[in-house]
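Here is the file target.txt (compact mmCIF, C-alpha atoms).
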# COMPACT_ATOMS: atom_id res chain seq x y z
CA MET A 255 89.45 249.05 61.52
CA ASN A 256 86.39 248.41 59.36
CA THR A 257 86.03 248.94 55.64
CA GLU A 258 82.51 248.84 54.29
CA LEU A 259 82.27 247.76 50.67
CA SER A 260 79.35 250.12 50.13
CA THR A 261 81.62 253.11 50.79
CA ILE A 262 84.19 252.14 48.14
CA SER A 263 83.75 253.94 44.83
CA ASP A 264 87.15 253.29 43.25
CA PRO A 265 86.79 250.47 40.67
CA ILE A 266 90.15 248.89 41.51
CA LEU A 267 89.51 248.81 45.25
CA SER A 268 85.97 247.60 44.62
CA ALA A 269 87.33 244.75 42.49
CA ILE A 270 89.73 243.74 45.27
CA PHE A 271 86.94 243.57 47.83
CA GLN A 272 84.43 241.88 45.51
CA ARG A 273 86.75 239.21 44.09
CA ARG A 274 85.81 235.64 44.96
CA ALA A 275 87.06 232.25 43.81
CA ILE A 276 84.18 231.34 41.47
CA ARG A 277 83.64 227.61 40.99
CA ALA A 278 81.08 227.56 38.18
CA PHE A 279 81.17 229.61 34.98
CA GLU A 280 78.73 230.13 32.13
CA PRO A 281 79.99 229.72 28.55
CA VAL A 282 81.20 233.08 27.23
CA GLU A 283 83.88 234.00 24.74
CA ILE A 284 86.65 236.24 26.00
CA PRO A 285 87.48 238.75 23.22
CA VAL A 286 91.10 238.97 22.13
CA PRO A 287 91.47 242.61 23.31
CA THR A 288 90.22 241.59 26.77
CA ARG A 289 92.56 238.62 26.84
CA ASP A 290 95.49 240.84 25.89
CA LEU A 291 94.52 243.42 28.52
CA LEU A 292 94.53 240.76 31.25
CA LEU A 293 97.90 239.41 30.17
CA GLN A 294 99.38 242.90 29.89
CA SER A 295 98.09 243.62 33.40
CA ALA A 296 99.86 240.51 34.68
CA ARG A 297 103.13 241.70 33.10
CA GLN A 298 102.98 244.97 35.02
CA ALA A 299 103.54 243.17 38.32
CA PRO A 300 106.83 243.94 40.08
CA SER A 301 109.67 241.43 40.09
CA SER A 302 113.11 241.32 41.65
CA PHE A 303 115.66 243.08 39.39
CA ASN A 304 112.83 243.31 36.81
CA SER A 305 113.73 239.72 35.95
CA GLN A 306 110.09 238.68 35.28
CA PRO A 307 110.90 235.01 35.98
CA TYR A 308 107.62 233.52 34.80
CA ARG A 309 105.62 232.45 31.77
CA LEU A 310 101.86 232.41 31.34
CA TYR A 311 100.07 229.84 29.18
CA TRP A 312 96.62 231.02 28.08
CA VAL A 313 94.59 227.92 27.22
CA GLU A 314 91.34 228.68 25.37
CA SER A 315 90.85 226.22 22.50
CA PRO A 316 88.25 223.58 23.52
CA ALA A 317 90.53 220.58 23.00
CA GLN A 318 93.46 222.07 24.88
CA ARG A 319 91.23 223.43 27.61
CA ASP A 320 89.59 220.05 28.14
CA ALA A 321 92.98 218.34 28.32
CA VAL A 322 94.31 220.83 30.89
CA ALA A 323 91.04 220.67 32.87
CA LYS A 324 91.45 216.88 33.20
CA LEU A 325 94.95 217.44 34.55
CA CYS A 326 93.38 219.84 37.07
CA MET A 327 91.51 216.90 38.60
CA SER A 328 88.46 217.74 36.44
CA GLN A 329 87.48 220.42 38.93
CA LYS A 330 84.30 222.25 38.03
CA PRO A 331 85.98 225.66 37.67
CA ALA A 332 88.48 224.18 35.22
CA GLN A 333 85.78 222.34 33.25
CA SER A 334 83.42 225.32 32.92
CA ALA A 335 85.94 228.16 32.47
CA SER A 336 86.23 230.09 29.21
CA ALA A 337 90.02 229.98 29.53
CA LEU A 338 92.68 228.56 31.80
CA VAL A 339 95.94 230.31 32.61
CA VAL A 340 98.85 228.12 33.68
CA ALA A 341 101.32 230.28 35.59
CA VAL A 342 104.86 228.93 35.50
CA ALA A 343 107.89 230.05 37.50
CA ASP A 344 110.74 230.12 34.98
CA ILE A 345 114.36 230.40 36.12
CA GLY A 346 115.76 229.50 32.70
CA SER A 347 114.94 232.86 31.12
CA LEU A 348 117.17 235.13 33.21
CA ARG A 349 119.90 235.60 30.61
CA SER A 350 117.51 236.13 27.69
CA THR A 351 115.46 238.62 29.74
CA ASP A 352 118.63 240.57 30.57
CA GLU A 353 119.60 240.60 26.89
CA MET A 354 116.16 241.85 25.85
CA GLN A 355 116.30 244.63 28.45
CA VAL A 356 119.74 245.72 27.27
CA ALA A 357 118.46 245.84 23.67
CA TRP A 358 115.48 247.92 24.83
CA MET A 359 117.77 250.29 26.75
CA ARG A 360 119.88 250.83 23.62
CA GLN A 361 116.82 251.43 21.42
CA THR A 362 115.34 253.81 23.98
CA GLY A 363 118.52 255.89 24.13
CA PHE A 364 119.82 255.12 27.63
CA PRO A 365 123.31 256.53 28.30
CA ALA A 366 126.13 254.05 27.67
CA ASN A 367 127.23 254.15 31.31
CA LYS A 368 123.73 253.17 32.48
CA ILE A 369 123.70 250.24 30.06
CA ARG A 370 127.13 249.08 31.25
CA GLU A 371 125.99 249.39 34.86
CA TYR A 372 122.90 247.26 34.17
CA GLU A 373 124.95 244.65 32.29
CA ARG A 374 127.42 244.42 35.18
CA THR A 375 124.64 244.12 37.80
CA SER A 376 122.71 241.50 35.82
CA ARG A 377 125.88 239.47 35.23
CA ILE A 378 126.65 239.45 38.95
CA GLY A 379 123.06 238.45 39.67
CA ARG A 380 123.23 235.50 37.28
CA ILE A 381 126.49 234.33 38.86
CA ILE A 382 124.98 234.54 42.35
CA PHE A 383 121.91 232.59 41.21
CA MET A 384 123.86 229.93 39.30
CA PRO A 385 123.79 226.59 41.22
CA GLY A 386 126.59 225.06 39.12
CA PRO A 387 127.28 221.35 38.43
CA LEU A 388 125.80 219.00 41.05
CA GLY A 389 124.91 222.02 43.16
CA LEU A 390 128.54 222.36 44.34
CA PHE A 391 128.70 226.05 43.42
CA ALA A 392 125.47 226.60 45.37
CA MET A 393 127.03 224.97 48.45
CA LEU A 394 130.13 227.14 48.12
CA LYS A 395 128.01 230.29 47.79
CA TRP A 396 125.92 229.32 50.81
CA VAL A 397 129.06 229.00 52.94
CA LEU A 398 130.44 232.28 51.58
CA PHE A 399 127.25 234.22 52.30
CA TRP A 400 126.93 232.58 55.72
CA LEU A 401 130.42 233.82 56.59
CA LEU A 402 129.67 237.30 55.23
CA ASN A 403 126.50 237.46 57.31
CA THR A 404 128.51 236.84 60.47
CA LEU A 405 130.30 240.09 59.76
CA LYS A 406 127.46 242.14 58.28
CA SER A 407 123.81 241.44 57.65
CA ILE A 408 123.47 241.17 53.86
CA GLY A 409 120.86 238.44 53.52
CA MET A 410 121.02 235.08 51.77
CA PRO A 411 120.32 234.95 48.02
CA PRO A 412 118.54 231.98 46.44
CA VAL A 413 121.57 229.79 45.82
CA THR A 414 119.99 226.37 45.17
CA ARG A 415 117.63 225.46 42.35
CA GLN A 416 114.76 225.03 44.81
CA ASP A 417 115.54 228.42 46.35
CA GLN A 418 115.47 229.98 42.88
CA LEU A 419 112.12 228.41 42.02
CA LYS A 420 110.72 229.66 45.33
CA TRP A 421 112.08 233.14 44.54
CA ALA A 422 110.57 233.03 41.03
CA GLY A 423 107.28 231.74 42.43
CA LYS A 424 106.84 234.96 44.41
CA SER A 425 107.03 237.08 41.26
CA THR A 426 104.73 234.64 39.47
CA ALA A 427 102.12 234.96 42.22
CA LEU A 428 102.26 238.77 41.97
CA ALA A 429 101.57 238.54 38.23
CA CYS A 430 98.66 236.18 38.90
CA GLN A 431 97.11 238.59 41.40
CA ASN A 432 97.37 241.43 38.87
CA LEU A 433 95.61 239.26 36.29
CA MET A 434 92.79 238.28 38.67
CA ILE A 435 92.11 241.84 39.81
CA ALA A 436 92.13 243.06 36.18
CA ALA A 437 89.63 240.31 35.29
CA GLU A 438 87.33 241.48 38.08
CA VAL A 439 87.56 245.09 36.88
CA VAL A 440 86.46 244.17 33.33
CA GLY A 441 83.55 242.05 34.57
CA LEU A 442 85.09 238.58 34.50
CA ASN A 443 85.66 236.18 37.37
CA THR A 444 88.48 233.86 38.32
CA CYS A 445 89.35 230.86 40.44
CA PRO A 446 93.02 230.17 41.30
CA MET A 447 93.68 226.46 41.64
CA GLU A 448 96.53 224.47 43.15
CA GLY A 449 94.83 221.12 42.55
CA PHE A 450 96.55 219.77 39.45
CA ASN A 451 98.87 216.96 38.42
CA GLY A 452 102.07 218.98 38.23
CA PRO A 453 104.37 216.49 36.47
CA ARG A 454 101.78 215.51 33.83
CA LEU A 455 100.71 219.10 33.19
CA ALA A 456 104.36 220.14 32.88
CA ARG A 457 104.95 217.39 30.31
CA TYR A 458 101.79 218.38 28.43
CA LEU A 459 103.07 221.95 28.13
CA GLY A 460 106.61 220.84 27.30
CA LEU A 461 108.13 222.47 30.38
CA SER A 462 111.66 221.87 31.56
CA PRO A 463 111.87 219.98 34.87
CA LYS A 464 115.16 221.77 35.50
CA TYR A 465 113.99 225.35 35.03
CA ASP A 466 110.19 225.43 35.30
CA GLU A 467 107.65 224.89 38.04
CA ILE A 468 103.88 225.40 37.80
CA VAL A 469 102.71 227.79 40.53
CA MET A 470 98.95 227.74 39.90
CA VAL A 471 96.25 227.40 37.27
CA ILE A 472 93.66 230.18 37.03
CA ALA A 473 90.19 229.52 35.66
CA ILE A 474 88.71 232.59 33.97
CA GLY A 475 85.17 233.20 32.80
CA LYS A 476 81.82 234.70 33.70
CA ARG A 477 80.17 233.48 36.88
CA SER A 478 77.22 231.20 36.24
CA PRO A 479 73.89 232.71 37.37
CA SER A 480 73.22 229.45 39.18
CA TYR A 481 76.34 229.80 41.30
CA THR A 482 76.00 231.52 44.65
CA ALA A 483 79.25 232.62 46.25
CA GLN A 484 79.48 231.98 49.96
CA PRO A 485 79.84 234.97 52.29
CA GLN A 486 83.49 235.90 52.64
CA TRP A 487 85.24 235.71 56.00
CA ARG A 488 88.63 237.10 56.85
CA ARG A 489 90.41 237.11 60.18
CA PRO A 490 90.06 240.36 62.13
CA ILE A 491 92.71 242.80 61.01
CA GLU A 492 94.31 242.81 64.46
CA ALA A 493 94.89 239.06 64.08
CA THR A 494 96.71 239.62 60.80
CA VAL A 495 98.44 243.00 61.02
CA THR A 496 100.99 244.29 63.49
CA VAL A 497 101.64 248.02 63.39
CA LEU A 498 105.01 248.94 64.88
Once more with this new file: its structure as structure tokens, please.
Amino acid sequence: MNTELSTISDPILSAIFQRRAIRAFEPVEIPVPTRDLLLQSARQAPSSFNSQPYRLYWVESPAQRDAVAKLCMSQKPAQSASALVVAVADIGSLRSTDEMQVAWMRQTGFPANKIREYERTSRIGRIIFMPGPLGLFAMLKWVLFWLLNTLKSIGMPPVTRQDQLKWAGKSTALACQNLMIAAEVVGLNTCPMEGFNGPRLARYLGLSPKYDEIVMVIAIGKRSPSYTAQPQWRRPIEATVTVL
């Protein structure tokens, strides 16, 4: 199965195929409407139960950007970017997100039974996700779901704090991909980075070690004319995809 870039006319598909991790940017200002468009695009990503368990920190002021860039090992993309986005998995916002959605449902005119159904489902979800003191509740839930799975396959929810952060990290990564593709569509470039001092960057942003975990930092800007992207290689599709 071969897909030639020259045959793709759709701007979204073209952006997906053209996107590269750019490691040198030229100084450009990202207008506020463009910034807001990118962040709104990130928010459209799907998430389990529409929980949106993430926060995005847009860092654009020179002083803040320099400080964050240093905590990203002073990598060239971080130093030359017009803005940096710190994507954070956030498991401490589940209750407030549920409350905001209920308020939106009431304002939008959802039937009362639909609102009660959502409130009941979200409450059960929070109980399932709650690790409890010293993780004892998580251990109890793990045993309970293990026993239930011997009778019927129902899966294992994220019962421990680390499981929850892993679960939230998946939704965070989806939001990041939306943001990077949107940037490509509007003529900007990005470089996702995992090279950063997590504990120090978390302290700099005032994150909670209990509820937050940084997933990645994205450098955003306009590719420098002096930077030449290397040809892109991907494994053959038959080495990646299995069609059943």
message: Show me the residues around (124.0, 231.0, 50.8) - criterion: an atom at most 10 Å away, only C-alpha atoms counted - as JSON, numbers by chain.
response: {"A": [382, 383, 392, 393, 394, 395, 396, 397, 398, 399, 400, 401, 402, 403, 409, 410, 411, 412, 413, 414, 417]}
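Across the model, the gap from CA of Leu459 in chain A to CA of Gln329 in chain A is 19.0 Å.
When the distance limit is 7 Å and all atoms listed in the file are what count, the residues near Leu293 in chain A, minus those fewer than 4 positions from it on the same chain, are Arg289, Arg297 and Leu433 of chain A.
Computed from the coordinates, the CA of Gly475 in chain A to CA of Phe279 in chain A distance equals 5.8 Å.
Coordinates place CA of Glu314 in chain A at a distance of 4.6 Å from CA of Ala337 in chain A.
Restricting the calculation to all atoms listed in the file, the smallest distance between Ile378 in chain A and any of A:Leu348, A:Leu291, A:Ala366, A:Leu325 is found for A:Leu348.
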query: Counting all atoms listed in the file, what is within 10 Å of Asp344 in chain A, bar same-chain residues fewer than 6 positions away, as a PyMOL selection string?
result: chain A and resi 306-310+418-419+422-423+426+461-462+464-468
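In this comparison, which uses all atoms listed in the file, the residue of A:Phe303, A:Trp312, A:Phe391, A:Trp358 approaching Thr375 in chain A most closely is A:Phe303.
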message: I need the residue nearest Ala335 in chain A from this list: A:Leu498, A:Ile266, A:Ala296, A:Ala278. Use all atoms listed in the file for the distance.
response: A:Ala278
Neighbouring residues of range 439-441 of chain A were defined as those with any atom within 6 Å, considering all atoms listed in the file; residues of the same chain fewer than 2 positions away were excluded. Please report them as an mmCIF file with C-alpha atoms, in the coordinates of the input.
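Full text of part.cif as output:
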data_model
loop_
_atom_site.group_PDB
_atom_site.id
_atom_site.type_symbol
_atom_site.label_atom_id
_atom_site.label_comp_id
_atom_site.auth_asym_id
_atom_site.auth_seq_id
_atom_site.Cartn_x
_atom_site.Cartn_y
_atom_site.Cartn_z
ATOM 1 C CA ALA A 269 87.330 244.750 42.490
ATOM 2 C CA ALA A 436 92.130 243.060 36.180
ATOM 3 C CA ALA A 437 89.630 240.310 35.290
#
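The closest residue to Pro300 in chain A, picked from A:Lys368, A:Arg457, A:Lys330, A:Lys424 and counting only C-alpha atoms, is A:Lys424.
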message: Calculated over only C-alpha atoms, which of the candidates A:Met470, A:Met384, A:Ile270, A:Ile276 has the smallest distance to Ala427 in chain A?
response: A:Met470
